[in-house]
Structures are given as C-alpha cells and as structure tokens.
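With mmCIF, C-alpha atoms and all ligand atoms inside, this is structure-v6.cif:
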```cif
data_coords
loop_
_atom_site.group_PDB
_atom_site.id
_atom_site.type_symbol
_atom_site.label_atom_id
_atom_site.label_comp_id
_atom_site.auth_asym_id
_atom_site.auth_seq_id
_atom_site.Cartn_x
_atom_site.Cartn_y
_atom_site.Cartn_z
ATOM 1 C CA MET D 2 -186.389 151.045 202.295
ATOM 2 C CA MET D 3 -188.364 151.483 205.479
ATOM 3 C CA LEU D 4 -191.720 151.620 203.704
ATOM 4 C CA GLU D 5 -192.633 150.141 200.341
ATOM 5 C CA VAL D 6 -196.002 150.662 198.720
ATOM 6 C CA ASN D 7 -196.501 148.525 195.631
ATOM 7 C CA ASP D 8 -199.286 148.953 193.108
ATOM 8 C CA LEU D 9 -201.908 149.955 195.667
ATOM 9 C CA SER D 10 -205.518 150.114 194.495
ATOM 10 C CA LEU D 11 -208.553 151.070 196.540
ATOM 11 C CA ARG D 12 -212.105 151.360 195.283
ATOM 12 C CA PHE D 13 -215.315 152.594 196.866
ATOM 13 C CA GLY D 14 -218.181 151.434 194.680
ATOM 14 C CA GLY D 15 -217.627 153.285 191.437
ATOM 15 C CA THR D 16 -214.890 155.558 192.818
ATOM 16 C CA GLN D 17 -211.290 154.550 192.215
ATOM 17 C CA ALA D 18 -209.686 156.298 195.210
ATOM 18 C CA LEU D 19 -206.238 154.790 194.491
ATOM 19 C CA ASP D 20 -205.192 153.368 191.173
ATOM 20 C CA GLY D 21 -201.957 151.365 191.169
ATOM 21 C CA VAL D 22 -199.931 153.737 193.374
ATOM 22 C CA SER D 23 -196.310 152.781 194.137
ATOM 23 C CA PHE D 24 -193.634 154.590 196.120
ATOM 24 C CA ALA D 25 -190.982 153.891 198.732
ATOM 25 C CA VAL D 26 -189.806 155.910 201.712
ATOM 26 C CA GLU D 27 -186.284 155.731 203.099
ATOM 27 C CA LYS D 28 -185.412 155.625 206.749
ATOM 28 C CA SER D 29 -185.254 159.141 208.272
ATOM 29 C CA GLU D 30 -186.803 160.672 205.181
ATOM 30 C CA LEU D 31 -189.369 163.471 205.339
ATOM 31 C CA PHE D 32 -191.717 162.458 202.559
ATOM 32 C CA ALA D 33 -194.729 164.491 201.444
ATOM 33 C CA ILE D 34 -197.888 163.522 199.581
ATOM 34 C CA ILE D 35 -199.743 166.271 197.749
ATOM 35 C CA GLY D 36 -202.515 166.513 195.183
ATOM 36 C CA PRO D 37 -205.772 168.337 194.489
ATOM 37 C CA ASN D 38 -208.920 167.599 196.519
ATOM 38 C CA GLY D 39 -210.037 163.992 196.209
ATOM 39 C CA ALA D 40 -206.667 162.889 194.774
ATOM 40 C CA GLY D 41 -206.349 160.013 197.251
ATOM 41 C CA LYS D 42 -203.993 161.406 199.915
ATOM 42 C CA THR D 43 -206.159 160.536 202.906
ATOM 43 C CA SER D 44 -206.914 157.146 201.362
ATOM 44 C CA ILE D 45 -203.185 156.350 201.374
ATOM 45 C CA PHE D 46 -202.908 157.333 205.040
ATOM 46 C CA ASN D 47 -205.932 155.195 205.847
ATOM 47 C CA CYS D 48 -204.349 152.225 204.071
ATOM 48 C CA LEU D 49 -201.020 152.800 205.829
ATOM 49 C CA SER D 50 -202.675 152.901 209.242
ATOM 50 C CA GLY D 51 -204.941 149.919 208.598
ATOM 51 C CA VAL D 52 -208.236 151.822 208.517
ATOM 52 C CA TYR D 53 -208.885 150.884 204.878
ATOM 53 C CA ARG D 54 -207.992 147.590 203.304
ATOM 54 C CA PRO D 55 -206.896 148.004 199.667
ATOM 55 C CA GLN D 56 -208.355 145.623 197.061
ATOM 56 C CA SER D 57 -204.905 144.985 195.614
ATOM 57 C CA GLY D 58 -201.275 145.886 196.098
ATOM 58 C CA ALA D 59 -198.943 145.560 199.058
ATOM 59 C CA ILE D 60 -197.584 147.700 201.871
ATOM 60 C CA LEU D 61 -194.320 146.592 203.472
ATOM 61 C CA LEU D 62 -192.920 148.094 206.640
ATOM 62 C CA ASP D 63 -189.262 147.152 207.026
ATOM 63 C CA GLY D 64 -189.977 144.186 204.781
ATOM 64 C CA THR D 65 -193.019 142.983 206.726
ATOM 65 C CA ARG D 66 -196.289 142.926 204.828
ATOM 66 C CA ILE D 67 -198.879 144.996 206.717
ATOM 67 C CA THR D 68 -201.523 145.300 204.017
ATOM 68 C CA ALA D 69 -204.110 143.290 205.957
ATOM 69 C CA THR D 70 -203.003 144.242 209.465
ATOM 70 C CA ARG D 71 -205.568 145.957 211.664
ATOM 71 C CA PRO D 72 -205.035 149.490 213.024
ATOM 72 C CA ASP D 73 -204.010 148.358 216.518
ATOM 73 C CA GLY D 74 -201.496 145.905 215.050
ATOM 74 C CA ILE D 75 -200.026 148.594 212.826
ATOM 75 C CA ALA D 76 -199.762 150.993 215.767
ATOM 76 C CA ARG D 77 -197.929 148.301 217.703
ATOM 77 C CA LEU D 78 -195.503 147.913 214.798
ATOM 78 C CA GLY D 79 -194.595 151.563 215.291
ATOM 79 C CA VAL D 80 -196.763 153.566 212.918
ATOM 80 C CA ALA D 81 -198.175 156.649 214.667
ATOM 81 C CA ARG D 82 -200.539 159.179 213.177
ATOM 82 C CA MET D 83 -201.118 162.809 214.025
ATOM 83 C CA PHE D 84 -204.672 163.488 212.989
ATOM 84 C CA GLN D 85 -205.996 166.451 211.071
ATOM 85 C CA ASN D 86 -208.782 166.965 213.568
ATOM 86 C CA ILE D 87 -207.531 167.128 217.090
ATOM 87 C CA GLU D 88 -208.348 163.906 218.904
ATOM 88 C CA LEU D 89 -207.145 164.712 222.393
ATOM 89 C CA PHE D 90 -208.950 164.390 225.720
ATOM 90 C CA ASP D 91 -209.897 167.988 226.534
ATOM 91 C CA ASN D 92 -210.398 167.395 230.238
ATOM 92 C CA LEU D 93 -207.069 165.680 230.769
ATOM 93 C CA THR D 94 -203.791 167.509 231.250
ATOM 94 C CA VAL D 95 -201.124 167.803 228.580
ATOM 95 C CA LEU D 96 -198.972 165.297 230.478
ATOM 96 C CA ASP D 97 -201.789 162.748 230.810
ATOM 97 C CA ASN D 98 -202.619 163.009 227.124
ATOM 98 C CA ILE D 99 -198.997 162.305 226.271
ATOM 99 C CA MET D 100 -198.829 159.408 228.742
ATOM 100 C CA LEU D 101 -201.867 157.888 227.039
ATOM 101 C CA GLY D 102 -199.987 157.811 223.753
ATOM 102 C CA ARG D 103 -197.404 155.753 225.514
ATOM 103 C CA HIS D 104 -199.705 153.090 226.894
ATOM 104 C CA ILE D 105 -199.184 150.657 224.034
ATOM 105 C CA HIS D 106 -195.560 150.443 225.127
ATOM 106 C CA LEU D 107 -196.502 149.387 228.610
ATOM 107 C CA ARG D 108 -196.775 145.678 228.100
ATOM 108 C CA TYR D 109 -197.568 144.190 231.454
ATOM 109 C CA SER D 110 -200.338 141.983 232.695
ATOM 110 C CA ALA D 111 -203.487 143.258 234.365
ATOM 111 C CA LEU D 112 -202.398 141.664 237.622
ATOM 112 C CA GLU D 113 -199.036 143.411 237.578
ATOM 113 C CA ALA D 114 -200.752 146.639 236.673
ATOM 114 C CA ALA D 115 -203.140 146.246 239.591
ATOM 115 C CA LEU D 116 -200.326 145.538 241.996
ATOM 116 C CA ARG D 117 -198.001 148.086 240.444
ATOM 117 C CA LEU D 118 -195.075 145.798 240.970
ATOM 118 C CA GLY D 119 -191.887 144.959 239.160
ATOM 119 C CA ARG D 120 -192.078 145.317 235.439
ATOM 120 C CA ALA D 121 -195.209 147.464 235.524
ATOM 121 C CA ARG D 122 -193.650 149.950 237.865
ATOM 122 C CA ARG D 123 -190.435 150.173 235.890
ATOM 123 C CA ALA D 124 -192.354 150.587 232.644
ATOM 124 C CA GLU D 125 -194.477 153.322 234.197
ATOM 125 C CA LEU D 126 -191.382 155.185 235.357
ATOM 126 C CA ALA D 127 -189.723 154.868 231.954
ATOM 127 C CA ALA D 128 -192.910 156.175 230.321
ATOM 128 C CA ARG D 129 -192.961 159.149 232.651
ATOM 129 C CA ARG D 130 -189.324 159.972 231.941
ATOM 130 C CA PHE D 131 -189.928 159.711 228.232
ATOM 131 C CA ALA D 132 -193.022 161.919 228.441
ATOM 132 C CA GLU D 133 -190.922 164.515 230.278
ATOM 133 C CA GLU D 134 -188.336 164.422 227.510
ATOM 134 C CA ILE D 135 -191.005 165.031 224.918
ATOM 135 C CA LEU D 136 -192.451 167.922 226.932
ATOM 136 C CA ASP D 137 -188.978 169.485 226.910
ATOM 137 C CA PHE D 138 -188.389 168.702 223.280
ATOM 138 C CA LEU D 139 -191.603 170.346 222.091
ATOM 139 C CA ASP D 140 -191.427 173.175 224.579
ATOM 140 C CA LEU D 141 -194.588 172.180 226.431
ATOM 141 C CA GLN D 142 -193.282 172.119 230.005
ATOM 142 C CA ALA D 143 -195.018 175.381 230.912
ATOM 143 C CA VAL D 144 -198.438 173.886 230.171
ATOM 144 C CA ARG D 145 -197.886 170.312 231.361
ATOM 145 C CA ARG D 146 -200.612 170.511 234.040
ATOM 146 C CA HIS D 147 -203.082 172.466 231.919
ATOM 147 C CA PRO D 148 -206.198 170.732 230.646
ATOM 148 C CA VAL D 149 -205.777 170.450 226.895
ATOM 149 C CA GLY D 150 -209.203 172.029 226.282
ATOM 150 C CA MET D 151 -207.909 175.380 227.593
ATOM 151 C CA LEU D 152 -205.001 175.629 225.162
ATOM 152 C CA PRO D 153 -204.921 177.660 221.951
ATOM 153 C CA TYR D 154 -205.238 175.720 218.702
ATOM 154 C CA GLY D 155 -201.575 175.742 217.692
ATOM 155 C CA MET D 156 -200.531 174.368 221.050
ATOM 156 C CA LYS D 157 -203.175 171.649 220.965
ATOM 157 C CA LYS D 158 -201.691 170.485 217.691
ATOM 158 C CA ARG D 159 -198.275 170.400 219.335
ATOM 159 C CA VAL D 160 -199.688 168.209 222.123
ATOM 160 C CA GLU D 161 -201.162 165.954 219.453
ATOM 161 C CA LEU D 162 -197.706 165.730 217.896
ATOM 162 C CA ALA D 163 -196.187 165.007 221.317
ATOM 163 C CA ARG D 164 -198.664 162.199 221.877
ATOM 164 C CA ALA D 165 -197.758 160.601 218.545
ATOM 165 C CA LEU D 166 -194.045 160.931 219.385
ATOM 166 C CA ALA D 167 -194.625 159.309 222.757
ATOM 167 C CA MET D 168 -195.152 156.045 220.900
ATOM 168 C CA GLU D 169 -191.534 156.298 219.698
ATOM 169 C CA PRO D 170 -192.810 155.649 216.197
ATOM 170 C CA ARG D 171 -190.576 154.341 213.476
ATOM 171 C CA LEU D 172 -192.995 155.918 211.008
ATOM 172 C CA LEU D 173 -194.923 159.079 211.821
ATOM 173 C CA LEU D 174 -197.873 160.098 209.643
ATOM 174 C CA LEU D 175 -198.682 163.802 209.721
ATOM 175 C CA ASP D 176 -202.177 164.539 208.433
ATOM 176 C CA GLU D 177 -202.253 168.216 207.403
ATOM 177 C CA PRO D 178 -200.163 169.356 210.377
ATOM 178 C CA VAL D 179 -200.633 173.091 209.759
ATOM 179 C CA ALA D 180 -204.264 173.131 208.574
ATOM 180 C CA GLY D 181 -206.095 176.059 210.169
ATOM 181 C CA MET D 182 -202.942 177.592 211.658
ATOM 182 C CA ASN D 183 -201.846 181.223 211.483
ATOM 183 C CA THR D 184 -198.379 182.168 210.239
ATOM 184 C CA GLU D 185 -196.710 182.011 213.626
ATOM 185 C CA GLU D 186 -198.260 178.657 214.522
ATOM 186 C CA THR D 187 -197.261 177.307 211.110
ATOM 187 C CA GLU D 188 -193.652 178.383 211.665
ATOM 188 C CA ASP D 189 -193.618 176.752 215.104
ATOM 189 C CA MET D 190 -194.947 173.502 213.659
ATOM 190 C CA ALA D 191 -192.423 173.596 210.799
ATOM 191 C CA ARG D 192 -189.619 174.029 213.314
ATOM 192 C CA ALA D 193 -190.917 171.154 215.433
ATOM 193 C CA ILE D 194 -191.023 168.874 212.375
ATOM 194 C CA LEU D 195 -187.473 169.839 211.427
ATOM 195 C CA ASP D 196 -186.310 169.245 215.005
ATOM 196 C CA ILE D 197 -187.874 165.785 214.987
ATOM 197 C CA ARG D 198 -186.038 164.943 211.813
ATOM 198 C CA ALA D 199 -182.722 166.373 212.994
ATOM 199 C CA GLU D 200 -182.707 165.006 216.530
ATOM 200 C CA LEU D 201 -184.882 161.900 216.503
ATOM 201 C CA SER D 202 -184.356 160.837 212.864
ATOM 202 C CA THR D 203 -188.002 159.748 212.766
ATOM 203 C CA THR D 204 -189.224 158.757 209.315
ATOM 204 C CA MET D 205 -192.197 160.977 208.451
ATOM 205 C CA ILE D 206 -194.867 161.126 205.778
ATOM 206 C CA MET D 207 -196.839 164.345 205.595
ATOM 207 C CA VAL D 208 -200.050 165.109 203.727
ATOM 208 C CA GLU D 209 -200.353 168.866 203.443
ATOM 209 C CA HIS D 210 -202.093 171.484 201.328
ATOM 210 C CA ASP D 211 -199.681 174.262 202.306
ATOM 211 C CA MET D 212 -197.358 174.115 199.282
ATOM 212 C CA ARG D 213 -194.772 176.392 200.739
ATOM 213 C CA LEU D 214 -194.377 174.189 203.798
ATOM 214 C CA VAL D 215 -194.122 171.054 201.653
ATOM 215 C CA MET D 216 -191.552 172.583 199.321
ATOM 216 C CA ASP D 217 -189.494 173.975 202.219
ATOM 217 C CA LEU D 218 -189.494 170.841 204.345
ATOM 218 C CA ALA D 219 -189.870 167.686 202.306
ATOM 219 C CA ASP D 220 -186.977 165.617 200.981
ATOM 220 C CA ARG D 221 -189.220 164.143 198.303
ATOM 221 C CA VAL D 222 -192.785 164.683 197.185
ATOM 222 C CA LEU D 223 -195.339 162.260 195.736
ATOM 223 C CA VAL D 224 -198.019 163.963 193.652
ATOM 224 C CA LEU D 225 -201.385 162.256 193.173
ATOM 225 C CA ASP D 226 -204.258 163.169 190.903
ATOM 226 C CA PHE D 227 -207.473 161.132 190.617
ATOM 227 C CA GLY D 228 -205.888 158.291 192.589
ATOM 228 C CA ARG D 229 -202.871 158.016 190.291
ATOM 229 C CA ARG D 230 -199.248 158.893 190.866
ATOM 230 C CA ILE D 231 -198.413 161.715 188.462
ATOM 231 C CA ALA D 232 -194.992 162.671 189.813
ATOM 232 C CA LEU D 233 -192.411 161.735 192.415
ATOM 233 C CA GLY D 234 -189.207 163.624 193.091
ATOM 234 C CA THR D 235 -187.539 166.421 194.979
ATOM 235 C CA PRO D 236 -189.597 169.579 195.591
ATOM 236 C CA ARG D 237 -187.701 171.279 192.774
ATOM 237 C CA GLU D 238 -188.376 168.419 190.382
ATOM 238 C CA VAL D 239 -192.103 168.189 191.041
ATOM 239 C CA GLN D 240 -192.570 171.954 190.845
ATOM 240 C CA GLN D 241 -191.221 171.882 187.300
ATOM 241 C CA ASP D 242 -193.174 168.809 186.267
ATOM 242 C CA GLU D 243 -195.635 169.404 183.428
ATOM 243 C CA ALA D 244 -198.237 166.960 184.733
ATOM 244 C CA VAL D 245 -198.127 168.568 188.167
ATOM 245 C CA LEU D 246 -198.563 172.054 186.771
ATOM 246 C CA ARG D 247 -201.511 170.830 184.715
ATOM 247 C CA ALA D 248 -203.154 169.176 187.737
ATOM 248 C CA TYR D 249 -202.788 172.356 189.750
ATOM 249 C CA LEU D 250 -203.528 174.743 186.885
ATOM 250 C CA GLY D 251 -204.191 178.104 188.466
ATOM 251 C CA GLY D 252 -203.688 176.513 191.860
ATOM 252 C CA ALA D 253 -201.259 176.419 194.734
ATOM 253 C CA ALA D 254 -198.312 174.795 192.919
ATOM 254 C CA GLU D 255 -197.896 177.804 190.702
ATOM 255 C CA GLU D 256 -198.099 180.206 193.616
ATOM 256 C CA ALA D 257 -195.246 178.366 195.296
ATOM 257 C CA THR D 258 -192.857 178.708 192.371
HETATM 258 N N1 LIG Z 1 -215.036 156.097 202.906
HETATM 259 C C1 LIG Z 1 -215.231 156.465 201.639
HETATM 260 N N2 LIG Z 1 -216.356 156.121 200.959
HETATM 261 C C2 LIG Z 1 -216.549 156.487 199.669
HETATM 262 N N3 LIG Z 1 -215.673 157.219 198.948
HETATM 263 C C3 LIG Z 1 -214.533 157.603 199.571
HETATM 264 C C4 LIG Z 1 -214.255 157.255 200.941
HETATM 265 N N4 LIG Z 1 -213.041 157.786 201.275
HETATM 266 C C5 LIG Z 1 -212.608 158.433 200.163
HETATM 267 N N5 LIG Z 1 -213.487 158.314 199.152
HETATM 268 C C6 LIG Z 1 -213.336 158.865 197.788
HETATM 269 O O1 LIG Z 1 -212.056 158.524 197.318
HETATM 270 C C7 LIG Z 1 -211.475 159.606 196.611
HETATM 271 C C8 LIG Z 1 -210.163 160.005 197.258
HETATM 272 O O2 LIG Z 1 -210.448 160.610 198.521
HETATM 273 P P1 LIG Z 1 -209.338 161.070 199.562
HETATM 274 O O3 LIG Z 1 -210.061 161.512 200.787
HETATM 275 O O4 LIG Z 1 -208.323 160.018 199.701
HETATM 276 O O5 LIG Z 1 -208.706 162.315 198.814
HETATM 277 P P2 LIG Z 1 -207.748 163.456 199.383
HETATM 278 O O6 LIG Z 1 -206.653 163.617 198.394
HETATM 279 O O7 LIG Z 1 -207.352 163.141 200.768
HETATM 280 O O8 LIG Z 1 -208.713 164.719 199.342
HETATM 281 P P3 LIG Z 1 -208.723 166.068 200.264
HETATM 282 O O9 LIG Z 1 -207.535 166.856 199.863
HETATM 283 O O10 LIG Z 1 -210.000 166.711 199.832
HETATM 284 O O11 LIG Z 1 -208.718 165.624 201.686
HETATM 285 C C9 LIG Z 1 -212.503 160.725 196.595
HETATM 286 O O12 LIG Z 1 -213.234 160.657 195.379
HETATM 287 C C10 LIG Z 1 -213.394 160.379 197.769
HETATM 288 O O13 LIG Z 1 -214.702 160.846 197.572
#
```
Rewrite the structure of this file - the entire thing - as structure tokens.
Amino acid sequence: MMLEVNDLSLRFGGTQALDGVSFAVEKSELFAIIGPNGAGKTSIFNCLSGVYRPQSGAILLDGTRITATRPDGIARLGVARMFQNIELFDNLTVLDNIMLGRHIHLRYSALEAALRLGRARRAELAARRFAEEILDFLDLQAVRRHPVGMLPYGMKKRVELARALAMEPRLLLLDEPVAGMNTEETEDMARAILDIRAELSTTMIMVEHDMRLVMDLADRVLVLDFGRRIALGTPREVQQDEAVLRAYLGGAAEEAT
C-alpha cells in the first residue's frame, strides 16, 4: 500500500472532526473521499498534508510514518496538493507558476544558485524541460507566457494542477477539482485527471462533491459522515450501501444512481 491511514482521530474542542478513520490507498489508484458537509473530508486532507496534527492514529506513506511531519517535510516526501481555492501568483506567467512548483526539487546551495554553476544550472535546465512537458501534457502551451490572472477560471485550475504535477508527486491530493466549473470545464478536468492516471500513473486522492464525477472516475470511494467511515468500496458498491443512502437522504448520491 502506498498510503495507510490507521485509526485517525482529530478533535477541535468539542467537535470530533475525525473519529477512528482507517483506509489504505494502492499505488496508481484514483481514490475518492465523499460525505455530506462537515463529514471530515478536508480534515483528512489537512492531516495528510501536515496542516493538522491528529490526536491519535497513524499515517504511513510507503511505510514511513508521517503523522507528525510538518507540511514542508511532507511536500518534500512527494505529497502535492491542488487547492480548492486557486493559490497561484496572478502576476506571474503560467510557465513561472509551474516552475515555482518545481523549486523544491532544485536542491542546490545558495552559493551555487548565485553563481548558476554546475549542479544548479543542470537542475534548472531539467526543471525547465519538465515544465515544458507538463505544459504539453495539459495543453497549456498556447498560454505559457500569459499572466495567470488573465486566464478564465477553468484554465487557472488547470495551471494549478500543472503546478502540483511539476513536483512529480507520488501522491496527489485533489481538493474539489471541479468546484465552480461549468460542464465543459468539468469535462476537461475529468479528462486531465484520467490522462494523469493513464500516462503518469500518479496515485491520487480526490475530495469532490460532484457525485457523477466521483462515480465515473474513482477506483474506490471512502464515504464519511460525522467524522466516521460509513462505507468504503467501488463506486457501485457505495452507491448501493444503505448507510450511504441514509447519510445522503434526498441528496446527491441518489441523483447519481
Ligand atoms: N480549524 C478548525 N477549527 C474548528 N473546527 C474545525 C476546524 N476544521 C474543521 N472543523 C470542524 O470539523 C468538522 C469536519 O470539517 P471538515 O472541514 O473536515 O468537513 P468537510 O467534510 O470537508 O466539509 P465540507 O464538505 O463542508 O467542506 C466540522 O464540524 C468542522 O466544523
């Protein structure tokens, strides 16, 4: 298993955000986490990326315990996150935003960087080549020199995805990747996610409210309600699960069936 989450609990004062949640994600899997508002989805992402520290339980990435690792350490271990709210630099170009995502891979000393010699120069060139590949891969070449602030919403999200991919993550966290998108933008994003899985074999965990997208794309789905795991299985399995239907009574899960 590439990721193991064992008996994770997280509390905020009187609120039990996560209550003994366990699941495991296989390498190259596209894993989804769903649940009604306040179910604990974002809390899991925040634990996985080191933003929150759970009171109990363990998170293992390729066997290494990362439960108490800080966000920068987790990023360096290869966990990248595409945020729900766009966190790009509006005044910088698409290419520069993507290059920034790459900087944690450029491990050279300040002196080398200043002199732009040897290792630094080679690393910079490799980063540039890789950024170009990602621009091709996500069909962003036409806007590479455009300031991100000028782009339409759907394309900004694609740049955000490109920046996360630039870290060559072994685990990519997608935080509501199609929130606020129209039908066409949603289809583009779905295709990009499928391309990433098919061609890069990146392991992905997606939190998403769009049931149709989750059911179409995910290999397996974890369903949370009030911080507890109520179901885990294939999209077909969770859609037929009694507890899931109850949690979503009158909600999106029924629409998707
Ligand atoms: N920083 C925090 N301080 C206090 N309570 C929090 C904090 N973060 C989350 N919570 C609480 O923990 C519970 C789970 O929240 P979380 O954001 O993980 O749910 P969610 O499933 O992502 O919800 P949504 O679908 O609305 O984004 C909620 O009751 C929420 O109010």
* Asked: Using only C-alpha atoms, which of the listed residues (D:Thr94, D:Leu172, D:Ser29, D:Gly41) sits closest to Leu62 (chain D)?
  -> D:Leu172
* Please extract the residues at most 12 Å from ligand LIG 1 (chain Z), counting only C-alpha atoms and all ligand atoms, and provide them as a PyMOL selection string, using the chain letters and residue numbers of this document. => chain D and resi 10-20+34-49+52-55+85-86+176-177+180+207-211+223-230
Atoms to include: C-alpha atoms. Write the selected residues as a short mmCIF file (atom, residue, chain, number, x, y, z; two decimals), keeping the file's coordinate frame.
```cif
data_model
loop_
_atom_site.label_atom_id
_atom_site.label_comp_id
_atom_site.auth_asym_id
_atom_site.auth_seq_id
_atom_site.Cartn_x
_atom_site.Cartn_y
_atom_site.Cartn_z
CA SER D 10 -205.52 150.11 194.50
CA LEU D 11 -208.55 151.07 196.54
CA ARG D 12 -212.10 151.36 195.28
CA PHE D 13 -215.32 152.59 196.87
CA GLY D 14 -218.18 151.43 194.68
CA GLY D 15 -217.63 153.28 191.44
CA THR D 16 -214.89 155.56 192.82
CA GLN D 17 -211.29 154.55 192.22
CA ALA D 18 -209.69 156.30 195.21
CA LEU D 19 -206.24 154.79 194.49
CA ASP D 20 -205.19 153.37 191.17
CA ILE D 34 -197.89 163.52 199.58
CA ILE D 35 -199.74 166.27 197.75
CA GLY D 36 -202.52 166.51 195.18
CA PRO D 37 -205.77 168.34 194.49
CA ASN D 38 -208.92 167.60 196.52
CA GLY D 39 -210.04 163.99 196.21
CA ALA D 40 -206.67 162.89 194.77
CA GLY D 41 -206.35 160.01 197.25
CA LYS D 42 -203.99 161.41 199.92
CA THR D 43 -206.16 160.54 202.91
CA SER D 44 -206.91 157.15 201.36
CA ILE D 45 -203.18 156.35 201.37
CA PHE D 46 -202.91 157.33 205.04
CA ASN D 47 -205.93 155.20 205.85
CA CYS D 48 -204.35 152.22 204.07
CA LEU D 49 -201.02 152.80 205.83
CA VAL D 52 -208.24 151.82 208.52
CA TYR D 53 -208.88 150.88 204.88
CA ARG D 54 -207.99 147.59 203.30
CA PRO D 55 -206.90 148.00 199.67
CA GLN D 85 -206.00 166.45 211.07
CA ASN D 86 -208.78 166.96 213.57
CA ASP D 176 -202.18 164.54 208.43
CA GLU D 177 -202.25 168.22 207.40
CA ALA D 180 -204.26 173.13 208.57
CA MET D 207 -196.84 164.34 205.60
CA VAL D 208 -200.05 165.11 203.73
CA GLU D 209 -200.35 168.87 203.44
CA HIS D 210 -202.09 171.48 201.33
CA ASP D 211 -199.68 174.26 202.31
CA LEU D 223 -195.34 162.26 195.74
CA VAL D 224 -198.02 163.96 193.65
CA LEU D 225 -201.38 162.26 193.17
CA ASP D 226 -204.26 163.17 190.90
CA PHE D 227 -207.47 161.13 190.62
CA GLY D 228 -205.89 158.29 192.59
CA ARG D 229 -202.87 158.02 190.29
CA ARG D 230 -199.25 158.89 190.87
#
```
* Could you please determine the separation between CA of Met205 (chain D) and CA of Pro148 (chain D) in Å, to one decimal place? =>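 Separating CA of Met205 (chain D) from CA of Pro148 (chain D) is a distance of 28.0 Å.
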* Just so the selection is clear, what residues does the PyMOL selection byres (((chain D and resi 158) around 9) and not hetatm) cover here, as a list of chain:residue names? ->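 Checking the PyMOL selection byres (((chain D and resi 158) around 9) and not hetatm) against this file, the residues are D:Met83, D:Phe84, D:Gln85, D:Asn86, D:Ile87, D:Pro153, D:Tyr154, D:Gly155, D:Met156, D:Lys157, D:Arg159, D:Val160, D:Glu161, D:Leu162, D:Ala163, D:Pro178, D:Val179, D:Met190.
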File of the preceding selection, C-alpha atoms, as a PDB file, in the frame of the given file:
```pdb
ATOM      1  CA  MET D  83    -201.118 162.809 214.025  1.00  0.00           C
ATOM      2  CA  PHE D  84    -204.672 163.488 212.989  1.00  0.00           C
ATOM      3  CA  GLN D  85    -205.996 166.451 211.071  1.00  0.00           C
ATOM      4  CA  ASN D  86    -208.782 166.965 213.568  1.00  0.00           C
ATOM      5  CA  ILE D  87    -207.531 167.128 217.090  1.00  0.00           C
ATOM      6  CA  PRO D 153    -204.921 177.660 221.951  1.00  0.00           C
ATOM      7  CA  TYR D 154    -205.238 175.720 218.702  1.00  0.00           C
ATOM      8  CA  GLY D 155    -201.575 175.742 217.692  1.00  0.00           C
ATOM      9  CA  MET D 156    -200.531 174.368 221.050  1.00  0.00           C
ATOM     10  CA  LYS D 157    -203.175 171.649 220.965  1.00  0.00           C
ATOM     11  CA  ARG D 159    -198.275 170.400 219.335  1.00  0.00           C
ATOM     12  CA  VAL D 160    -199.688 168.209 222.123  1.00  0.00           C
ATOM     13  CA  GLU D 161    -201.162 165.954 219.453  1.00  0.00           C
ATOM     14  CA  LEU D 162    -197.706 165.730 217.896  1.00  0.00           C
ATOM     15  CA  ALA D 163    -196.187 165.007 221.317  1.00  0.00           C
ATOM     16  CA  PRO D 178    -200.163 169.356 210.377  1.00  0.00           C
ATOM     17  CA  VAL D 179    -200.633 173.091 209.759  1.00  0.00           C
ATOM     18  CA  MET D 190    -194.947 173.502 213.659  1.00  0.00           C
TER      19      MET D 190
END
```
* When you draw a straight line from CA of Gly150 (chain D) to CA of Leu126 (chain D), how long is it in Å? ->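 Pair CA of Gly150 (chain D) / CA of Leu126 (chain D) returns 26.1 Å.
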* For CA of Ala193 (chain D) and CA of Ser23 (chain D), quote the distance in Å rounded to one decimal. =>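 Straight-line distance from CA of Ala193 (chain D) to CA of Ser23 (chain D) works out to 28.6 Å.
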* To do: Please write the residues picked by the PyMOL selection byres (((chain D and resi 61) around 10) and not hetatm) on this file as a list of chain:residue names.
  =>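 This file gives the following for the PyMOL selection byres (((chain D and resi 61) around 10) and not hetatm): D:Met2, D:Met3, D:Leu4, D:Glu5, D:Val6, D:Asn7, D:Ala25, D:Leu49, D:Ala59, D:Ile60, D:Leu62, D:Asp63, D:Gly64, D:Thr65, D:Arg66, D:Ile67, D:Thr68.
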* Pick out the closest residue to Arg103 (chain D) from this set: D:Val149, D:Ile75, D:Val80, D:Met168. Count all atoms listed in the file. => D:Met168
* Asked: D:Ala76, D:Ala132, D:Leu141, D:Val245: which is nearest Val222 (chain D), counting all atoms listed in the file?
  ->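 Distance minimum relative to Val222 (chain D) lands on D:Val245.
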* Excluding Asp8 (chain D) and any residue of its chain fewer than 4 positions from it, enumerate the residues within 6 Å of it, using all atoms listed in the file, and give them as number ranges by chain. => D: 21-23, 58
* D:Ala165, D:Leu233, D:Met100, D:Leu89 ranked by distance to Arg130 (chain D), top pick (using only C-alpha atoms) ->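 Checking each of D:Ala165, D:Leu233, D:Met100, D:Leu89 against Arg130 (chain D), counting only C-alpha atoms, the winner is D:Met100.
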* To do: Considering only C-alpha atoms, return as a list of chain:residue names whatever protein or nucleic-acid residues lie within 6 Å of Gly79 (chain D), sequence-local ones (same chain, fewer than 2 positions apart) excluded.
  => D:Ala76, D:Arg77, D:Pro170, D:Arg171
* Residues at most 10 Å from Arg192 (chain D), counting only C-alpha atoms, excluding those fewer than 5 positions away in the same chain, as JSON, numbers by chain? -> {"D": [139, 186, 187, 197, 198, 218]}
* Asked: Of the residues D:Leu78, D:Ala33, D:Val144, D:Leu152, which is the one nearest to Asp91 (chain D), using only C-alpha atoms?
  ->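 Selected residue with least distance to Asp91 (chain D): D:Leu152.
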